[in-house]
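Let me begin by presenting the structure, written as structure tokens, before commenting on it.
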Amino acid sequence: MTQRLLRTLMRPSLKDLAKTALLSGLALGLAFTAAPTHEAEAKDKFIFANSSAYNTMDPQALFDVGRVAYRLNLYDGLMRWLDNPPKLNLWLAESHKISSDGKKYTFKLKDAKFHDGSPVEAKDVVYSTERILALKKGAASLFVKVLKPGTTKAVDPKTVEFNLVKPSAIFLATIPEIHIMNSDLMKKHEKGGDWSSAWVSKNDAGSGSFKLKRYDPAKGFLAERFTDHFYGWGDKYLDEIEFRTVVEINSRVLGMMKGDFHGADGYMPQDQIKRLRTSKNVNVMEQESMRIFYFIIHNARAPMNDIHFRKALSYAFDYDGFIKNILSNSVARNPVPLPNNIWGAPSGVKGYTFDLKKAAEHLAKVKKPIREITIGALAGYGQTEQAAVLLQNALAKLGVKSKIVAETWPVASGKMRNEQQMYDLLPLWKSTYYADPNNWVGEMYYSPNVGSRNNSWYKDAQVDKWIAEAIETTDRKVREANYAKAATKVMDDAAGIFVYNTKWFGPYSKKVDGVRFSPIGNAQEMRWVYFK
């Protein structure tokens with residue numbers, strides 16, 4: 001790779017991205033860095049600079065890691081994933097049992113209160129589950145195929161019963177995604193059968209460790225400690241947490257170095273991580289994660305619906321150049337849609353390599369002419385911009401025209417669910433929502449998930465068969481073999497461009513302690529954190 005290309009890739013803004021990055025930085029990032037430093041120095045207030053906008057406070061409207069903070073801190077679930085490697089822990093539930101046929105899950109609730117002081121009861125779990133199924137947003141794709149409306153029952157105020165349509169090996173792992181909402185409070189604000197969506201998008205109906213104090217969709221949210229939280233508090237805690245939207249990377253980095261922010265995104269480009277390591281105010285934590293970086297390819301749209309074009313794309317990406325030269329070997333090559341460190345990942349699979357000769361051979365088999373390709377990128381996420389440019393450069397050498405469109409995560413995530421609006425390709429990360437292989441290859445390439453979690457519109461009968469069996473059986477050996485076969489088949493079909501599994505480099509103020517990392521949530525649950 002030439003030095004000229006490297007300079008191009010490391011340049012902080014691209015011609016195609018200039019307007020988006022500049023406007024985002026001015027409208028969001030710079031506004032926050034201008035905040036008085038003395039406010040950030042308050043001993044009981046933690047300020048986190050986030051790269052994504054908090055455009056809603058509804059815990060059931062979204063299902064992403066970029067905005068997970070309000071779900072983890074303002075709401076509780078029956079169970080919760082903690083630590084690394086992630087372990088599933090009882091949370092609002094004190095116990096659970098599963099029937100012999102694997103279709104009935106019964107949970108006993110602990111004594112807990114919502115933020116308005118009312119008790120958390122089984123009826124609230126029922127309401128929250130019914131709302132997920134009715135709205136069909138957020139994590140709904142995890143539940144709509146195993147739960148039917150009206151089948152979740154409140155046996156008594158402290159006992160809730162889930163009755164599944166069929167056994168599900170992943171149901172328990174997904175239980176933390178049912179964020180429990182105050183049903184009485186929600187019903188008071190319902191209008192026109194909207195399940196209080198308008199009201200809760202700006203308000204709080206949870207029982208979490210923190211309760212909402214202020215919210216501005218253009219800025220972020222401020223929450224204060226909920227002293228009556230069921231988990232209890234020791235003598236070290238935060239009184240307030242503020243999560244601010246700061247899209248521009250340089251604003252986040254400078255804010256951390258100046259001490260205006262106490263925490264920020266742990267997946268920034270390595271050149272920025274190196275800057276942060278030099279700061280006397282910043283401690284960069286490092287953890288192995290389960291977060292793969294890949295390109296979504298729109299498999300249902302020409303010319304990407306031709307396997308030869310997809311293979312040409314896979315051979316056109318410079319994996320070594322990206323990993324070694326741009327990311328300084330801070331990640332591990334990951335050739336399939338499963339992290340290397342999760343059970344079920346196939347062993348000995350090498351995947352595609354950077355080979356323009358092979359790319360040209362496959363391209364020659366594609367029906368001509370080939371139109372201009374649109375490559376998406378996430379504004380404020382430098383690696384996606386760099387990866388897009390790297391692929392664009394290789395495609396130019398192959399005679400394929402392409403353009404890069406950079407947009408914020410809320411915009412991009414909306415397009416991902418629309419077959420017509422979705423980009424031809426989009427580089428991004430697939431994060432951990434539950435520690436099971438289905439979180440990756442099952443969510444991403446199972447055809448019943450098309451339009452929700454399957455944003456590539458990939459469909460393959462054999463892959464569907466393997467995944468369906470893996471979801472229903474509790475036999476670990478069968479599940480492991482099926483996910484390995486499915487991941488390998490998806491790779492062979494070049495359904496996406498699979499690049500690496502990442503590490504998390506979490507920058508935090510040296511004044512802060514108690515940060516508890518898990519690949520699920522990326523250390524954004526603040527109940528453990530305190531100032532030294």
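In the structure tokens, each chain is lettered A, B, ... as it comes, each chain's residues begin at 1, and ligands are numbered from 1 in order of appearance.
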Mind running segment 233-275 of chain A against segment 210-223 of chain A at 7 Å and telling me each contacting residue's nearest atom pair with the distance in Å (one decimal), counting only C-alpha atoms, chain and number ascending, as CSV?
residue,atom,partner,partner_atom,distance
A:Glu240,CA,A:Ala223,CA,5.6
A:Ile241,CA,A:Ala223,CA,5.4
A:Glu242,CA,A:Leu222,CA,4.3
A:Phe243,CA,A:Phe221,CA,5.5
A:Arg244,CA,A:Gly220,CA,4.5
A:Thr245,CA,A:Lys219,CA,5.4
Can you write out the residues you just picked, keeping C-alpha atoms, as a PDB file, in the first residue's frame?
ATOM      1  CA  GLU A 240     -25.538  11.909  38.481  1.00  0.00           C
ATOM      2  CA  ILE A 241     -24.638  10.611  35.040  1.00  0.00           C
ATOM      3  CA  GLU A 242     -24.782  12.581  31.814  1.00  0.00           C
ATOM      4  CA  PHE A 243     -24.492  11.042  28.368  1.00  0.00           C
ATOM      5  CA  ARG A 244     -23.850  13.681  25.729  1.00  0.00           C
ATOM      6  CA  THR A 245     -23.944  13.322  21.971  1.00  0.00           C
TER       7      THR A 245
END
Can you pull out the residues contacting segment 266-277 of chain A? Cut-off 9 Å, using only C-alpha atoms, and skip same-chain residues under 6 positions away; I want them as a PDB file with C-alpha atoms, in the first residue's frame.
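Output (out03.pdb):
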ATOM      1  CA  MET A  10      -5.853   8.672   7.742  1.00  0.00           C
ATOM      2  CA  ILE A 249     -14.115  12.265  17.101  1.00  0.00           C
ATOM      3  CA  ASN A 250     -11.661  15.088  17.745  1.00  0.00           C
ATOM      4  CA  VAL A 253     -10.710  13.127  22.319  1.00  0.00           C
ATOM      5  CA  LEU A 254      -9.943  16.743  23.241  1.00  0.00           C
ATOM      6  CA  MET A 256     -11.258  13.635  27.452  1.00  0.00           C
ATOM      7  CA  MET A 257      -7.753  15.095  27.458  1.00  0.00           C
ATOM      8  CA  ASN A 283      -6.630   5.887  31.462  1.00  0.00           C
ATOM      9  CA  VAL A 284      -7.236   3.615  28.456  1.00  0.00           C
ATOM     10  CA  MET A 285      -8.648   0.253  29.484  1.00  0.00           C
ATOM     11  CA  GLU A 286      -8.217  -2.709  27.146  1.00  0.00           C
ATOM     12  CA  ILE A 326      -4.395   1.558   9.781  1.00  0.00           C
ATOM     13  CA  LEU A 327      -5.335  -0.277  12.981  1.00  0.00           C
ATOM     14  CA  SER A 328      -1.754  -1.052  14.102  1.00  0.00           C
ATOM     15  CA  SER A 330      -4.906  -3.865  17.429  1.00  0.00           C
ATOM     16  CA  TYR A 381     -16.886   6.517  13.167  1.00  0.00           C
ATOM     17  CA  GLY A 382     -13.479   6.895  11.534  1.00  0.00           C
ATOM     18  CA  GLN A 383     -12.883   3.226  10.808  1.00  0.00           C
ATOM     19  CA  THR A 502     -12.094  -6.187  17.882  1.00  0.00           C
ATOM     20  CA  LYS A 503     -10.664  -5.155  21.185  1.00  0.00           C
ATOM     21  CA  TRP A 504     -12.271  -2.508  23.347  1.00  0.00           C
ATOM     22  CA  PHE A 505     -10.070   0.442  24.309  1.00  0.00           C
ATOM     23  CA  GLY A 506     -12.169   2.336  26.823  1.00  0.00           C
ATOM     24  CA  PRO A 507     -10.885   5.816  27.649  1.00  0.00           C
ATOM     25  CA  ASN A 522     -19.514  -2.010  26.517  1.00  0.00           C
TER      26      ASN A 522
END
Who sits within 10 Å of segment 460-468 of chain A, only C-alpha atoms, same chain under 4 positions skipped, as a PDB file with N, CA and C atoms, in the first residue's frame:
ATOM      1  N   SER A 168     -36.991 -22.827  22.634  1.00  0.00           N
ATOM      2  CA  SER A 168     -35.998 -21.901  22.093  1.00  0.00           C
ATOM      3  C   SER A 168     -34.740 -21.956  22.941  1.00  0.00           C
ATOM      4  N   PRO A 437     -23.912 -17.890  19.655  1.00  0.00           N
ATOM      5  CA  PRO A 437     -23.610 -17.728  18.223  1.00  0.00           C
ATOM      6  C   PRO A 437     -24.767 -17.164  17.414  1.00  0.00           C
ATOM      7  N   ASN A 438     -25.986 -17.402  17.878  1.00  0.00           N
ATOM      8  CA  ASN A 438     -27.139 -16.903  17.142  1.00  0.00           C
ATOM      9  C   ASN A 438     -27.159 -15.378  17.083  1.00  0.00           C
ATOM     10  N   VAL A 441     -24.432 -14.950  13.385  1.00  0.00           N
ATOM     11  CA  VAL A 441     -24.864 -15.548  12.119  1.00  0.00           C
ATOM     12  C   VAL A 441     -26.368 -15.797  12.085  1.00  0.00           C
ATOM     13  N   GLY A 442     -26.964 -16.111  13.232  1.00  0.00           N
ATOM     14  CA  GLY A 442     -28.403 -16.350  13.259  1.00  0.00           C
ATOM     15  C   GLY A 442     -29.210 -15.093  13.033  1.00  0.00           C
ATOM     16  N   GLU A 443     -28.855 -14.014  13.717  1.00  0.00           N
ATOM     17  CA  GLU A 443     -29.566 -12.755  13.546  1.00  0.00           C
ATOM     18  C   GLU A 443     -29.307 -12.149  12.174  1.00  0.00           C
ATOM     19  N   TYR A 445     -28.148 -13.586   9.192  1.00  0.00           N
ATOM     20  CA  TYR A 445     -28.331 -14.279   7.909  1.00  0.00           C
ATOM     21  C   TYR A 445     -29.459 -15.307   7.893  1.00  0.00           C
ATOM     22  N   TYR A 446     -30.283 -15.324   8.909  1.00  0.00           N
ATOM     23  CA  TYR A 446     -31.472 -16.181   8.939  1.00  0.00           C
ATOM     24  C   TYR A 446     -32.573 -15.435   8.183  1.00  0.00           C
ATOM     25  N   SER A 447     -33.132 -16.048   7.149  1.00  0.00           N
ATOM     26  CA  SER A 447     -34.048 -15.309   6.265  1.00  0.00           C
ATOM     27  C   SER A 447     -35.309 -14.791   6.953  1.00  0.00           C
ATOM     28  N   PRO A 448     -35.868 -15.463   8.000  1.00  0.00           N
ATOM     29  CA  PRO A 448     -37.026 -14.863   8.675  1.00  0.00           C
ATOM     30  C   PRO A 448     -36.722 -13.511   9.320  1.00  0.00           C
ATOM     31  N   GLU A 472     -33.778 -24.314  18.127  1.00  0.00           N
ATOM     32  CA  GLU A 472     -34.756 -25.130  18.845  1.00  0.00           C
ATOM     33  C   GLU A 472     -34.139 -26.192  19.746  1.00  0.00           C
ATOM     34  N   THR A 473     -32.989 -26.738  19.370  1.00  0.00           N
ATOM     35  CA  THR A 473     -32.414 -27.818  20.168  1.00  0.00           C
ATOM     36  C   THR A 473     -31.568 -27.278  21.308  1.00  0.00           C
ATOM     37  N   VAL A 478     -24.844 -30.195  18.680  1.00  0.00           N
ATOM     38  CA  VAL A 478     -25.595 -29.942  17.451  1.00  0.00           C
ATOM     39  C   VAL A 478     -25.579 -28.450  17.139  1.00  0.00           C
ATOM     40  N   ARG A 479     -25.820 -27.640  18.150  1.00  0.00           N
ATOM     41  CA  ARG A 479     -25.849 -26.193  17.946  1.00  0.00           C
ATOM     42  C   ARG A 479     -24.483 -25.687  17.459  1.00  0.00           C
ATOM     43  N   ALA A 481     -22.096 -27.315  15.902  1.00  0.00           N
ATOM     44  CA  ALA A 481     -21.816 -27.776  14.533  1.00  0.00           C
ATOM     45  C   ALA A 481     -22.645 -26.990  13.512  1.00  0.00           C
ATOM     46  N   ASN A 482     -23.904 -26.754  13.838  1.00  0.00           N
ATOM     47  CA  ASN A 482     -24.782 -26.048  12.897  1.00  0.00           C
ATOM     48  C   ASN A 482     -24.348 -24.600  12.669  1.00  0.00           C
ATOM     49  N   TYR A 483     -23.982 -23.908  13.736  1.00  0.00           N
ATOM     50  CA  TYR A 483     -23.549 -22.521  13.568  1.00  0.00           C
ATOM     51  C   TYR A 483     -22.232 -22.441  12.805  1.00  0.00           C
ATOM     52  N   ALA A 484     -21.350 -23.403  13.039  1.00  0.00           N
ATOM     53  CA  ALA A 484     -20.082 -23.424  12.301  1.00  0.00           C
ATOM     54  C   ALA A 484     -20.334 -23.635  10.806  1.00  0.00           C
ATOM     55  N   LYS A 485     -21.250 -24.547  10.478  1.00  0.00           N
ATOM     56  CA  LYS A 485     -21.567 -24.802   9.064  1.00  0.00           C
ATOM     57  C   LYS A 485     -22.252 -23.592   8.427  1.00  0.00           C
ATOM     58  N   ALA A 486     -23.157 -22.967   9.176  1.00  0.00           N
ATOM     59  CA  ALA A 486     -23.865 -21.802   8.641  1.00  0.00           C
ATOM     60  C   ALA A 486     -22.897 -20.652   8.392  1.00  0.00           C
ATOM     61  N   ALA A 487     -22.001 -20.411   9.345  1.00  0.00           N
ATOM     62  CA  ALA A 487     -21.037 -19.313   9.201  1.00  0.00           C
ATOM     63  C   ALA A 487     -20.114 -19.549   8.008  1.00  0.00           C
ATOM     64  N   THR A 488     -19.705 -20.796   7.819  1.00  0.00           N
ATOM     65  CA  THR A 488     -18.816 -21.123   6.696  1.00  0.00           C
ATOM     66  C   THR A 488     -19.535 -20.952   5.364  1.00  0.00           C
ATOM     67  N   LYS A 489     -20.803 -21.370   5.297  1.00  0.00           N
ATOM     68  CA  LYS A 489     -21.574 -21.242   4.057  1.00  0.00           C
ATOM     69  C   LYS A 489     -21.796 -19.764   3.706  1.00  0.00           C
ATOM     70  N   VAL A 490     -22.106 -18.956   4.694  1.00  0.00           N
ATOM     71  CA  VAL A 490     -22.293 -17.522   4.460  1.00  0.00           C
ATOM     72  C   VAL A 490     -21.007 -16.899   3.929  1.00  0.00           C
ATOM     73  N   ASP A 493     -20.431 -17.944   0.344  1.00  0.00           N
ATOM     74  CA  ASP A 493     -21.337 -17.216  -0.541  1.00  0.00           C
ATOM     75  C   ASP A 493     -20.981 -15.735  -0.650  1.00  0.00           C
TER      76      ASP A 493
END
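Restricting the calculation to only C-alpha atoms, the smallest distance between Ala387 of chain A and any of A:Val512, A:Leu428, A:Ile373, A:Leu90 is found for A:Leu428.
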Mind the document's chain letters and residue numbers, and return as a PyMOL selection string the residues of segment 162-251 of chain A that DSSP labels strand (DSSP E or B). chain A and resi 162-163+210-216+220-225+240-245
Export of the given selection (N, CA and C atoms) as a short mmCIF file (atom, residue, chain, number, x, y, z; two decimals), in the first residue's frame:
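For reference, selection24.cif as written:
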data_model
loop_
_atom_site.label_atom_id
_atom_site.label_comp_id
_atom_site.auth_asym_id
_atom_site.auth_seq_id
_atom_site.Cartn_x
_atom_site.Cartn_y
_atom_site.Cartn_z
N PHE A 162 -43.85 -17.25 31.10
CA PHE A 162 -43.77 -17.13 29.65
C PHE A 162 -44.10 -18.49 29.04
N ASN A 163 -45.04 -18.50 28.11
CA ASN A 163 -45.42 -19.74 27.43
C ASN A 163 -45.03 -19.64 25.96
N PHE A 210 -30.57 4.50 37.83
CA PHE A 210 -30.67 5.95 37.70
C PHE A 210 -32.03 6.32 37.10
N LYS A 211 -32.53 7.49 37.48
CA LYS A 211 -33.80 7.95 36.93
C LYS A 211 -33.58 9.25 36.15
N LEU A 212 -34.36 9.41 35.10
CA LEU A 212 -34.18 10.53 34.18
C LEU A 212 -34.46 11.86 34.88
N LYS A 213 -33.54 12.80 34.65
CA LYS A 213 -33.68 14.14 35.22
C LYS A 213 -33.90 15.18 34.12
N ARG A 214 -33.19 15.01 33.00
CA ARG A 214 -33.33 15.94 31.88
C ARG A 214 -33.00 15.22 30.59
N TYR A 215 -33.74 15.57 29.52
CA TYR A 215 -33.50 14.94 28.22
C TYR A 215 -33.67 15.96 27.11
N ASP A 216 -32.72 15.96 26.19
CA ASP A 216 -32.78 16.80 25.00
C ASP A 216 -32.26 15.95 23.84
N GLY A 220 -28.56 14.94 24.58
CA GLY A 220 -28.36 13.72 25.36
C GLY A 220 -29.25 13.73 26.58
N PHE A 221 -28.83 12.99 27.62
CA PHE A 221 -29.69 12.92 28.81
C PHE A 221 -28.87 12.99 30.09
N LEU A 222 -29.53 13.46 31.13
CA LEU A 222 -28.97 13.55 32.48
C LEU A 222 -29.85 12.73 33.40
N ALA A 223 -29.24 11.89 34.24
CA ALA A 223 -30.00 11.05 35.16
C ALA A 223 -29.37 11.11 36.54
N GLU A 224 -30.20 10.97 37.58
CA GLU A 224 -29.72 10.99 38.95
C GLU A 224 -29.90 9.62 39.59
N ARG A 225 -29.07 9.35 40.58
CA ARG A 225 -29.09 8.04 41.24
C ARG A 225 -30.45 7.78 41.88
N GLU A 240 -24.96 11.56 39.78
CA GLU A 240 -25.54 11.91 38.48
C GLU A 240 -24.68 11.36 37.35
N ILE A 241 -25.34 11.02 36.25
CA ILE A 241 -24.64 10.61 35.04
C ILE A 241 -25.21 11.41 33.87
N GLU A 242 -24.34 11.85 33.00
CA GLU A 242 -24.78 12.58 31.81
C GLU A 242 -24.14 11.95 30.59
N PHE A 243 -24.97 11.59 29.64
CA PHE A 243 -24.49 11.04 28.37
C PHE A 243 -24.78 12.06 27.27
N ARG A 244 -23.72 12.63 26.73
CA ARG A 244 -23.85 13.68 25.73
C ARG A 244 -23.52 13.15 24.34
N THR A 245 -24.22 13.66 23.36
CA THR A 245 -23.94 13.32 21.97
C THR A 245 -22.82 14.22 21.46
#
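If only C-alpha atoms are the atoms counted, then among A:Glu190, A:Arg291, A:Ala302, A:Leu172 the closest residue to Lys87 of chain A is A:Leu172.
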Go through A:Lys45, A:Lys477, A:Lys158, A:Lys532 one by one, measure the shortest atom-to-atom distance of each to Phe107 of chain A using only C-alpha atoms, and give the residue with the smallest value. A:Lys158
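Excluding Tyr508 of chain A and any residue on its chain fewer than 5 positions from it, the residues at most 6 Å away by only C-alpha atoms are A:His262, A:Gly263, A:Val282, A:Asn283.
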Written selection (N, CA and C atoms) as a PDB file, in the first residue's frame:
ATOM      1  N   HIS A 262     -15.536  12.302  31.273  1.00  0.00           N
ATOM      2  CA  HIS A 262     -14.955  11.253  32.109  1.00  0.00           C
ATOM      3  C   HIS A 262     -14.924   9.897  31.412  1.00  0.00           C
ATOM      4  N   GLY A 263     -15.586   9.767  30.289  1.00  0.00           N
ATOM      5  CA  GLY A 263     -15.588   8.519  29.536  1.00  0.00           C
ATOM      6  C   GLY A 263     -16.021   8.770  28.114  1.00  0.00           C
ATOM      7  N   VAL A 282      -6.094  10.691  31.292  1.00  0.00           N
ATOM      8  CA  VAL A 282      -6.866   9.588  30.725  1.00  0.00           C
ATOM      9  C   VAL A 282      -6.210   8.235  30.985  1.00  0.00           C
ATOM     10  N   ASN A 283      -7.043   7.281  31.348  1.00  0.00           N
ATOM     11  CA  ASN A 283      -6.630   5.887  31.462  1.00  0.00           C
ATOM     12  C   ASN A 283      -7.363   5.095  30.387  1.00  0.00           C
TER      13      ASN A 283
END
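Distance annotation: of A:Leu425, A:Ile98, A:Ala388, A:Val125, the residue with the minimal separation from Asp156 of chain A is A:Val125; atom set is only C-alpha atoms.
Nearest to Asp436 of chain A of all the residues A:Val200, A:Ile520, A:Ala495, A:Met304 is A:Ile520, based on only C-alpha atoms.
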Please provide as a ChimeraX atom specification all residues within 9 Å of Arg333 of chain A, with the sequence filter that same-chain residues fewer than 4 positions apart are discarded (counting only C-alpha atoms). /A:319-320,323,340,498-502
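Closest approach to Gln386 of chain A among A:Ile404, A:Met79, A:Val160, A:Ala364 is made by A:Ile404 (distances from only C-alpha atoms).
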Quick one: residues within 9 Å of Lys311 of chain A, only C-alpha atoms counted, chain neighbours fewer than 2 positions away excluded, as an MDAnalysis selection string? chainID A and resid 306:309 313:316 352 358:359 362:363 492:495 497
Resulting file, chosen residues, N, CA and C atoms, as a CSV table (one decimal), in the first residue's frame:
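Resulting contents of again_21.csv:
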chain,number,residue,atom,x,y,z
A,306,ASP,N,-25.4,-11.2,-7.7
A,306,ASP,CA,-24.5,-12.1,-8.4
A,306,ASP,C,-23.4,-12.5,-7.5
A,307,ILE,N,-23.2,-13.8,-7.2
A,307,ILE,CA,-22.2,-14.3,-6.3
A,307,ILE,C,-20.8,-13.9,-6.8
A,308,HIS,N,-20.6,-13.8,-8.1
A,308,HIS,CA,-19.3,-13.5,-8.6
A,308,HIS,C,-19.0,-12.0,-8.3
A,309,PHE,N,-20.0,-11.2,-8.3
A,309,PHE,CA,-19.7,-9.8,-7.9
A,309,PHE,C,-19.4,-9.7,-6.5
A,313,LEU,N,-15.9,-8.4,-4.7
A,313,LEU,CA,-15.8,-7.4,-3.6
A,313,LEU,C,-15.0,-7.9,-2.4
A,314,SER,N,-15.2,-9.2,-2.1
A,314,SER,CA,-14.5,-9.8,-1.0
A,314,SER,C,-13.0,-9.9,-1.3
A,315,TYR,N,-12.6,-10.2,-2.5
A,315,TYR,CA,-11.2,-10.2,-2.9
A,315,TYR,C,-10.6,-8.8,-3.0
A,316,ALA,N,-11.4,-7.8,-3.1
A,316,ALA,CA,-11.0,-6.4,-3.4
A,316,ALA,C,-10.6,-5.6,-2.1
A,352,TYR,N,-11.3,-14.9,2.8
A,352,TYR,CA,-10.8,-14.2,1.6
A,352,TYR,C,-9.5,-13.4,1.9
A,358,LYS,N,-7.8,-12.2,-8.6
A,358,LYS,CA,-9.0,-13.1,-8.4
A,358,LYS,C,-10.3,-12.2,-8.5
A,359,ALA,N,-10.2,-11.0,-7.9
A,359,ALA,CA,-11.3,-10.1,-8.0
A,359,ALA,C,-11.7,-9.9,-9.5
A,362,HIS,N,-13.5,-12.9,-11.1
A,362,HIS,CA,-14.9,-13.0,-10.8
A,362,HIS,C,-15.7,-11.9,-11.4
A,363,LEU,N,-15.1,-10.7,-11.5
A,363,LEU,CA,-15.8,-9.6,-12.1
A,363,LEU,C,-16.1,-9.8,-13.6
A,492,ASP,N,-18.6,-18.5,2.3
A,492,ASP,CA,-18.4,-19.1,0.9
A,492,ASP,C,-19.2,-18.3,-0.1
A,493,ASP,N,-20.4,-17.9,0.3
A,493,ASP,CA,-21.3,-17.2,-0.5
A,493,ASP,C,-21.0,-15.7,-0.6
A,494,ALA,N,-19.9,-15.3,0.1
A,494,ALA,CA,-19.5,-13.9,0.1
A,494,ALA,C,-20.7,-13.0,0.4
A,495,ALA,N,-21.6,-13.4,1.3
A,495,ALA,CA,-22.8,-12.6,1.7
A,495,ALA,C,-22.4,-11.3,2.4
A,497,ILE,N,-18.5,-8.9,3.7
A,497,ILE,CA,-17.1,-8.9,3.7
A,497,ILE,C,-16.7,-8.8,5.2
